[in-house]
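Quick look at work.cif (mmCIF, C-alpha atoms):
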```
data_run
#
loop_
_atom_site.label_atom_id
_atom_site.label_comp_id
_atom_site.auth_asym_id
_atom_site.auth_seq_id
_atom_site.Cartn_x
_atom_site.Cartn_y
_atom_site.Cartn_z
CA MET A 70 158.12 11.69 111.87
CA PRO A 71 159.21 11.59 108.24
CA ALA A 72 162.91 11.30 107.60
CA PRO A 73 164.52 14.68 106.89
CA ARG A 74 165.31 15.40 103.30
CA SER A 75 168.46 16.84 101.87
CA SER A 76 168.06 19.78 99.56
CA ALA A 77 170.17 21.77 97.17
CA ARG A 78 168.55 25.00 98.26
CA GLY A 79 169.56 27.18 101.16
CA GLY A 80 167.12 29.38 103.05
CA ALA A 81 169.25 32.41 103.88
CA GLY A 82 172.40 34.21 102.98
CA GLY A 83 172.22 34.87 99.29
CA GLY A 84 169.96 32.46 97.41
CA ALA A 85 170.48 28.83 96.43
CA LYS A 86 173.42 27.13 98.12
CA ALA A 87 174.62 23.55 98.01
CA THR A 88 173.99 21.99 101.40
CA LYS A 89 174.93 18.67 102.97
CA ILE A 90 172.79 18.97 106.09
CA PRO A 91 169.22 17.67 106.46
CA GLN A 92 166.37 20.04 105.59
CA VAL A 93 163.55 19.81 108.14
CA SER A 94 160.00 21.19 107.90
CA TRP A 95 159.12 24.03 110.28
CA ARG A 96 155.95 22.11 111.14
CA GLU A 97 157.99 19.11 112.34
CA PRO A 98 161.06 20.65 113.95
CA ARG A 99 163.53 18.56 115.88
CA PRO A 100 166.68 19.40 117.79
CA ALA A 101 170.24 18.88 116.64
CA PRO A 102 173.59 20.11 117.97
CA VAL A 103 173.17 23.18 115.73
CA VAL A 104 169.94 24.29 114.04
CA ILE A 105 169.65 27.15 111.57
CA ILE A 106 166.19 28.59 111.02
CA SER A 107 166.53 30.53 107.80
CA GLY A 108 164.30 32.77 105.73
CA PRO A 109 162.08 35.79 106.34
CA GLU A 110 158.73 34.23 107.33
CA GLU A 111 158.55 34.99 111.06
CA VAL A 112 155.37 33.03 111.77
CA CYS A 113 156.99 29.81 110.57
CA ALA A 114 160.27 30.62 112.30
CA GLU A 115 158.52 31.21 115.62
CA ARG A 116 156.68 27.90 115.29
CA ALA A 117 159.93 26.08 114.56
CA SER A 118 161.75 27.66 117.49
CA ALA A 119 158.89 26.94 119.90
CA GLY A 120 158.65 23.37 118.60
CA ILE A 121 162.31 22.69 119.30
CA ARG A 122 161.99 24.18 122.79
CA ASP A 123 158.92 22.06 123.54
CA TYR A 124 160.60 18.93 122.16
CA LEU A 125 163.62 19.39 124.42
CA ARG A 126 161.52 20.36 127.45
CA ALA A 127 159.38 17.24 127.02
CA GLU A 128 162.56 15.17 127.17
CA ASP A 129 163.82 17.00 130.26
CA PRO A 130 161.81 19.71 132.12
CA ALA A 131 165.10 21.00 133.55
CA LEU A 132 166.04 22.44 130.14
CA GLU A 133 168.01 25.68 130.42
CA VAL A 134 167.00 28.23 127.77
CA SER A 135 169.21 31.21 126.96
CA ASP A 136 168.82 34.00 124.42
CA VAL A 137 171.69 35.75 122.66
CA ARG A 138 171.81 38.48 120.03
CA ALA A 139 174.46 37.89 117.39
CA ASP A 140 174.65 41.60 116.57
CA ASP A 141 175.36 42.57 120.19
CA TYR A 142 177.58 39.69 121.13
CA ALA A 143 179.95 39.52 124.09
CA PRO A 144 182.98 37.29 123.38
CA GLY A 145 182.88 33.99 125.24
CA THR A 146 179.09 33.95 125.64
CA LEU A 147 178.42 30.99 123.34
CA LEU A 148 180.91 28.69 125.02
CA SER A 149 179.77 29.77 128.47
CA LEU A 150 176.09 29.08 127.79
CA THR A 151 176.67 25.73 126.09
CA SER A 152 179.12 24.33 128.64
CA PRO A 153 177.69 21.62 130.93
CA SER A 154 176.37 22.81 134.27
CA LEU A 155 177.00 21.15 137.61
CA PHE A 156 173.96 18.89 137.27
CA GLY A 157 174.23 18.36 133.51
CA GLU A 158 170.89 19.89 132.47
CA PRO A 159 170.31 20.13 128.71
CA ARG A 160 170.85 23.59 127.23
CA LEU A 161 169.07 25.46 124.43
CA VAL A 162 170.79 28.61 123.22
CA ARG A 163 168.68 30.71 120.83
CA VAL A 164 170.69 33.18 118.78
CA SER A 165 168.79 35.90 116.94
CA GLY A 166 170.01 38.50 114.46
CA VAL A 167 172.55 36.21 112.75
CA GLU A 168 172.05 38.20 109.54
CA LYS A 169 173.59 41.15 111.44
CA CYS A 170 176.15 39.21 113.48
CA SER A 171 179.37 40.69 114.76
CA ASP A 172 182.83 39.50 113.75
CA ASP A 173 183.34 38.11 117.26
CA PHE A 174 180.23 35.96 116.92
CA ILE A 175 181.23 34.64 113.49
CA LYS A 176 184.66 33.66 114.76
CA GLU A 177 183.39 31.88 117.86
CA ALA A 178 180.42 30.22 116.13
CA VAL A 179 182.59 28.79 113.35
CA SER A 180 184.98 27.46 115.99
CA TYR A 181 182.05 26.01 117.94
CA LEU A 182 180.92 24.00 114.89
CA GLU A 183 184.16 22.04 115.09
CA HIS A 184 183.45 20.91 118.68
CA PRO A 185 179.75 21.24 119.65
CA GLN A 186 179.06 20.77 123.36
CA GLU A 187 177.29 17.56 124.37
CA GLY A 188 173.77 18.17 125.66
CA ALA A 189 173.51 21.60 124.01
CA THR A 190 171.33 22.74 121.13
CA VAL A 191 172.32 26.00 119.44
CA LEU A 192 169.54 27.58 117.38
CA LEU A 193 170.63 30.21 114.86
CA ARG A 194 167.99 32.54 113.40
CA HIS A 195 168.94 34.11 110.05
CA THR A 196 166.23 36.04 108.20
CA GLY A 197 168.14 36.10 104.94
CA ALA A 198 168.08 39.90 104.96
CA SER A 199 171.80 39.99 104.18
CA VAL A 200 174.74 37.71 103.44
CA ARG A 201 176.40 38.64 106.73
CA GLY A 202 177.81 35.55 108.37
CA LYS A 203 178.33 33.73 105.04
CA LYS A 204 181.39 31.93 106.39
CA LEU A 205 179.33 30.55 109.27
CA LEU A 206 176.42 29.52 107.02
CA ASP A 207 178.71 27.84 104.52
CA ALA A 208 180.46 25.89 107.29
CA LEU A 209 177.16 24.75 108.78
CA ARG A 210 175.60 23.83 105.43
CA GLY A 211 178.78 22.01 104.52
CA GLY A 212 178.19 19.55 107.32
CA SER A 213 180.15 21.02 110.23
CA GLY A 214 178.59 20.72 113.68
CA GLY A 215 176.05 18.00 112.86
CA GLY A 216 173.44 20.61 112.07
CA ILE A 217 170.08 20.78 110.36
CA GLU A 218 168.32 23.61 108.51
CA ILE A 219 164.70 24.69 108.83
CA ALA A 220 163.80 26.94 105.91
CA CYS A 221 161.03 29.54 106.30
CA PRO A 222 160.77 31.20 102.87
CA THR A 223 158.30 33.98 102.16
CA VAL A 224 154.76 32.74 101.51
CA LYS A 225 153.70 34.66 98.40
CA ARG A 226 151.40 32.59 96.20
CA ASP A 227 147.73 31.93 96.95
CA SER A 228 148.39 28.21 96.74
CA ASP A 229 151.08 28.53 99.41
CA ARG A 230 148.69 30.41 101.71
CA VAL A 231 146.06 27.72 101.18
CA ASP A 232 148.62 25.05 102.07
CA PHE A 233 149.63 27.04 105.16
CA ALA A 234 146.05 27.43 106.43
CA ALA A 235 145.16 23.83 105.64
CA GLY A 236 148.22 22.76 107.62
CA GLU A 237 147.02 24.71 110.65
CA PHE A 238 143.79 22.71 110.81
CA ARG A 239 145.45 19.43 109.87
CA ALA A 240 147.97 19.84 112.70
CA ALA A 241 145.08 20.36 115.12
CA ARG A 242 143.26 17.32 113.69
CA ARG A 243 140.31 19.49 112.74
CA ARG A 244 138.38 19.61 109.48
CA ILE A 245 137.72 22.77 107.50
CA ALA A 246 135.47 22.66 104.45
CA PRO A 247 137.18 23.54 101.14
CA ASP A 248 134.90 26.58 100.60
CA ALA A 249 135.61 27.74 104.13
CA LEU A 250 139.34 27.39 103.57
CA ARG A 251 139.21 29.45 100.37
CA ALA A 252 137.12 32.14 102.07
CA LEU A 253 139.50 32.32 105.00
CA VAL A 254 142.60 32.61 102.82
CA SER A 255 140.92 35.26 100.66
CA ALA A 256 140.10 37.26 103.76
CA PHE A 257 143.76 37.35 104.85
CA ALA A 258 145.56 37.38 101.52
CA ASP A 259 147.89 40.21 102.51
CA ASP A 260 149.15 39.13 105.94
CA LEU A 261 150.29 35.64 106.92
CA THR A 262 150.52 36.54 110.60
CA GLU A 263 146.88 37.60 110.63
CA LEU A 264 145.92 34.44 108.73
CA ALA A 265 147.72 32.33 111.33
CA SER A 266 145.98 34.23 114.13
CA ALA A 267 142.57 33.77 112.46
CA CYS A 268 143.14 30.02 112.10
CA GLN A 269 144.03 29.73 115.77
CA GLN A 270 141.01 31.83 116.80
CA LEU A 271 138.65 29.54 114.88
CA LEU A 272 140.29 26.49 116.43
CA ARG A 273 139.80 27.96 119.91
CA ASP A 274 136.29 29.33 119.47
CA VAL A 275 134.52 26.83 117.23
CA GLU A 276 133.65 23.23 118.06
CA GLY A 277 133.40 20.66 115.31
CA ASP A 278 134.00 21.27 111.61
CA ILE A 279 134.79 24.76 110.30
CA THR A 280 132.22 25.68 107.64
CA GLU A 281 132.00 28.58 105.23
CA ASP A 282 129.16 30.06 107.33
CA VAL A 283 131.45 30.07 110.36
CA VAL A 284 134.22 31.83 108.44
CA ASN A 285 131.77 34.39 107.06
CA LYS A 286 130.40 35.05 110.54
CA TYR A 287 133.85 35.81 111.89
CA TYR A 288 135.50 37.42 108.91
CA GLY A 289 132.76 38.26 106.44
CA GLY A 290 133.61 41.34 104.39
CA ARG A 291 137.31 41.20 105.13
CA VAL A 292 138.10 40.52 101.48
CA GLU A 293 137.15 44.15 100.89
CA VAL A 294 138.02 45.83 104.19
CA SER A 295 138.66 43.70 107.25
CA ALA A 296 137.79 44.30 110.86
CA PHE A 297 141.52 44.26 111.55
CA VAL A 298 142.12 47.05 109.03
CA VAL A 299 139.43 49.14 110.75
CA ALA A 300 140.94 48.36 114.16
CA ASP A 301 144.50 49.14 113.03
CA THR A 302 143.40 52.47 111.57
CA ALA A 303 141.45 53.47 114.68
CA ILE A 304 144.22 52.41 117.06
CA ALA A 305 146.68 54.50 115.00
CA GLY A 306 144.44 57.53 115.69
CA ARG A 307 143.28 58.10 112.09
CA TYR A 308 139.65 58.82 112.93
CA GLY A 309 138.38 59.86 109.50
CA GLU A 310 140.03 56.94 107.74
CA ALA A 311 138.72 54.55 110.39
CA LEU A 312 135.12 55.66 109.85
CA VAL A 313 135.46 55.31 106.08
CA ALA A 314 136.97 51.84 106.51
CA LEU A 315 134.19 50.89 108.93
CA ARG A 316 131.47 51.94 106.47
CA HIS A 317 133.23 50.11 103.64
CA ALA A 318 133.49 46.92 105.72
CA LEU A 319 129.83 47.09 106.73
CA ASP A 320 128.75 47.73 103.14
CA SER A 321 130.74 44.66 102.14
CA GLY A 322 128.76 42.51 104.57
CA ALA A 323 130.92 42.52 107.70
CA ASP A 324 129.07 41.41 110.84
CA PRO A 325 129.24 43.81 113.83
CA VAL A 326 129.91 41.01 116.36
CA PRO A 327 133.23 39.75 114.94
CA MET A 328 134.08 43.37 114.09
CA VAL A 329 134.04 44.21 117.81
CA ALA A 330 135.86 40.93 118.55
CA ALA A 331 138.76 42.04 116.32
CA PHE A 332 139.09 45.29 118.29
CA ALA A 333 138.89 43.42 121.59
CA MET A 334 141.58 40.95 120.57
CA LYS A 335 144.05 43.68 119.61
CA LEU A 336 143.33 45.78 122.71
CA ARG A 337 143.70 42.79 125.03
CA THR A 338 147.10 42.07 123.54
CA MET A 339 148.12 45.71 123.91
CA ALA A 340 147.02 45.71 127.56
CA ARG A 341 149.03 42.57 128.33
CA VAL A 342 152.18 44.00 126.75
CA ALA A 343 151.86 47.60 128.04
CA GLY A 344 154.53 48.56 130.56
CA GLN A 345 156.54 45.37 130.07
CA ARG A 346 160.19 46.05 129.29
CA GLU A 347 161.67 42.58 128.99
CA PRO A 348 162.80 41.30 125.58
CA SER A 349 160.06 40.29 123.16
CA ARG A 350 161.03 36.63 123.13
CA SER A 351 161.01 36.13 126.91
CA LEU A 352 157.84 38.22 127.33
CA ALA A 353 156.09 36.24 124.60
CA GLN A 354 157.10 32.98 126.26
CA ARG A 355 155.83 34.14 129.66
CA LEU A 356 152.51 35.39 128.26
CA GLY A 357 151.95 32.41 125.97
CA MET A 358 152.21 34.59 122.87
CA LYS A 359 154.37 34.78 119.76
CA ASP A 360 157.28 37.20 119.36
CA TRP A 361 155.58 38.93 116.42
CA GLN A 362 152.43 39.49 118.51
CA VAL A 363 154.47 41.25 121.19
CA ASP A 364 156.33 43.35 118.61
CA ARG A 365 153.08 44.31 116.86
CA ALA A 366 151.42 45.26 120.17
CA ARG A 367 154.38 47.43 121.09
CA ARG A 368 154.10 49.27 117.78
CA ASP A 369 150.36 49.70 118.31
CA LEU A 370 150.99 51.16 121.80
CA SER A 371 152.82 54.18 120.39
CA GLY A 372 151.01 57.28 121.68
CA TRP A 373 148.87 55.36 124.16
CA ASN A 374 148.89 55.54 127.96
CA GLU A 375 147.14 53.74 130.78
CA ARG A 376 144.15 56.09 130.76
CA SER A 377 143.51 56.02 127.02
CA LEU A 378 143.94 52.25 126.86
CA GLY A 379 141.47 51.77 129.70
CA LEU A 380 139.02 54.08 127.95
CA ALA A 381 139.31 52.09 124.72
CA ILE A 382 138.76 48.79 126.50
CA GLN A 383 135.65 50.15 128.22
CA ALA A 384 134.29 51.44 124.90
CA THR A 385 134.88 48.07 123.29
CA ALA A 386 133.15 46.20 126.14
CA ARG A 387 130.15 48.50 125.81
CA ALA A 388 130.02 48.02 122.04
CA ASP A 389 130.27 44.26 122.46
CA ALA A 390 127.15 44.22 124.63
CA GLU A 391 125.29 46.59 122.33
CA VAL A 392 125.95 44.71 119.08
CA LYS A 393 124.77 41.53 120.81
CA GLY A 394 121.36 43.00 121.59
CA ALA A 395 121.75 45.52 124.42
CA ALA A 396 121.03 48.42 122.04
CA ARG A 397 118.79 48.97 119.03
CA ASP A 398 121.43 50.34 116.66
CA PRO A 399 124.59 48.21 116.37
CA ILE A 400 125.99 50.48 113.66
CA PHE A 401 125.90 53.49 115.98
CA ALA A 402 127.55 51.37 118.67
CA LEU A 403 130.40 50.58 116.28
CA GLU A 404 130.81 54.20 115.23
CA ARG A 405 130.92 55.35 118.86
CA MET A 406 133.53 52.70 119.70
CA VAL A 407 135.70 53.76 116.73
CA ALA A 408 135.36 57.41 117.75
CA VAL A 409 136.53 56.75 121.31
CA ILE A 410 139.45 54.57 120.23
CA ALA A 411 140.63 56.84 117.41
CA THR A 412 140.34 60.11 119.35
CA ARG A 413 141.17 58.63 122.77
CA VAL A 414 138.59 60.79 124.50
CA PRO A 415 135.14 59.84 125.88
CA PHE A 416 132.35 60.03 123.33
CA GLY A 417 130.77 63.48 123.12
CA GLU A 418 133.58 65.41 124.77
#
```
What would the structure in this file look like if it were written as structure tokens?
Amino acid sequence: MPAPRSSARGGAGGGAKATKIPQVSWREPRPAPVVIISGPEEVCAERASAGIRDYLRAEDPALEVSDVRADDYAPGTLLSLTSPSLFGEPRLVRVSGVEKCSDDFIKEAVSYLEHPQEGATVLLRHTGASVRGKKLLDALRGGSGGGIEIACPTVKRDSDRVDFAAGEFRAARRRIAPDALRALVSAFADDLTELASACQQLLRDVEGDITEDVVNKYYGGRVEVSAFVVADTAIAGRYGEALVALRHALDSGADPVPMVAAFAMKLRTMARVAGQREPSRSLAQRLGMKDWQVDRARRDLSGWNERSLGLAIQATARADAEVKGAARDPIFALERMVAVIATRVPFGE
């Protein structure tokens, strides 16, 4: 692993800040007594957090993982969770919402930096949405607590998105052709989370090199209107808009098979999350998902119930068979699927 680099730029809490602690890439996270994951890009932050957890768990499967919210903090919690247990298991304490932290948390966290507990890793997540907790950030970046910082700044430029996607395939030791990479990034230029999901889907579904033909098969036409835009619109219940988006996507060259696959992927995620009331982070960990996927599914589930979700899944399964040859008109199959999902009633009723 490359040696961490020092940087003169901070990732949260009010722009550039002088910092004395190592700056570590979110793709190569490592534990430290205190880790701050800063910046607004949730995909990168989730990867960093999961990487630190996996690193520690590989060292000792008995790792104790605890989650704390800094904006709803009970005094004494940090010291209690980081204190050694009877058998001395390592501890990982993940603290979210540091940009909204309470005064009690600031006071105790600053004090903790002076005497970090042996065997404990405290992970602080600060989105940079505010300068709340500046005293804590300044103390950490000044070298207190033996910490490191993992910056996750917003990915805005096309070149940054290309680097992000290329890194996904490089990390998996897979090759993607340059034209395929450009096509994939163009197809998901407006949403890094969807781009990350698309990269992972290709890595799961496709053997060998990723070519431009493969990308076009899965995501052809998305540069104009994507399958995910059509699915989002239908799931939100906007029937007329969904049909217009569907026609636009098809006119732009979208293939019916990956179009149905996009619907199926979103509905499967919704079904897995439906009815679950545990916190997003713990649910995501249990289901093998990312926090943002759970949060997105919960937003998508607004207005849905068990019956309507089951109906949508059945309609998608039928459309999947029909666009793969079980029916003569794949376009009609898509329109019927969109109608059922957007209206949440059986076709023809």
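Remark: for Val329 (chain A), the closest of the candidate residues A:Thr385, A:Thr302, A:Thr280, A:Thr223 is A:Thr385 (distances computed over all atoms listed in the file).
Using all atoms listed in the file for every distance, the candidate list A:Ser135, A:Gln270, A:Gln354, A:Asn285 yields A:Asn285 as the residue closest to Ala256 (chain A).
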**Request:** For the structure provided, state which residues fall under the PyMOL selection byres ((chain A and resi 271) around 12), and present them as number ranges by chain.
**Result:** A: 234, 237-238, 241, 243-245, 249-250, 253, 264-270, 272-281, 283-288, 327
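Of note, CA of Lys359 (chain A) and CA of Glu111 (chain A) are spaced 9.7 Å apart.
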**Message:** Between CA of Arg307 (chain A) and CA of Val363 (chain A), what distance in Å does the model show, to one decimal?
**Reply:** 22.2 Å
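This file, filtered with the PyMOL selection byres ((chain A and resi 154) around 12), gives the residues Ala131, Leu132, Glu133, Leu148, Ser149, Leu150, Thr151, Ser152, Pro153, Leu155, Phe156, Gly157, Glu158, Pro159, Arg160, Gln186, Glu187, Gly188 and Ala189 of chain A.
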**Message:** As a check of understanding, name the residues that the PyMOL selection byres ((chain A and resi 367-383) around 10) selects in the supplied structure, as a PyMOL selection string.
**Reply:** chain A and resi 301+304-306+332-333+335-340+342-345+349+361-366+384-389+406-415
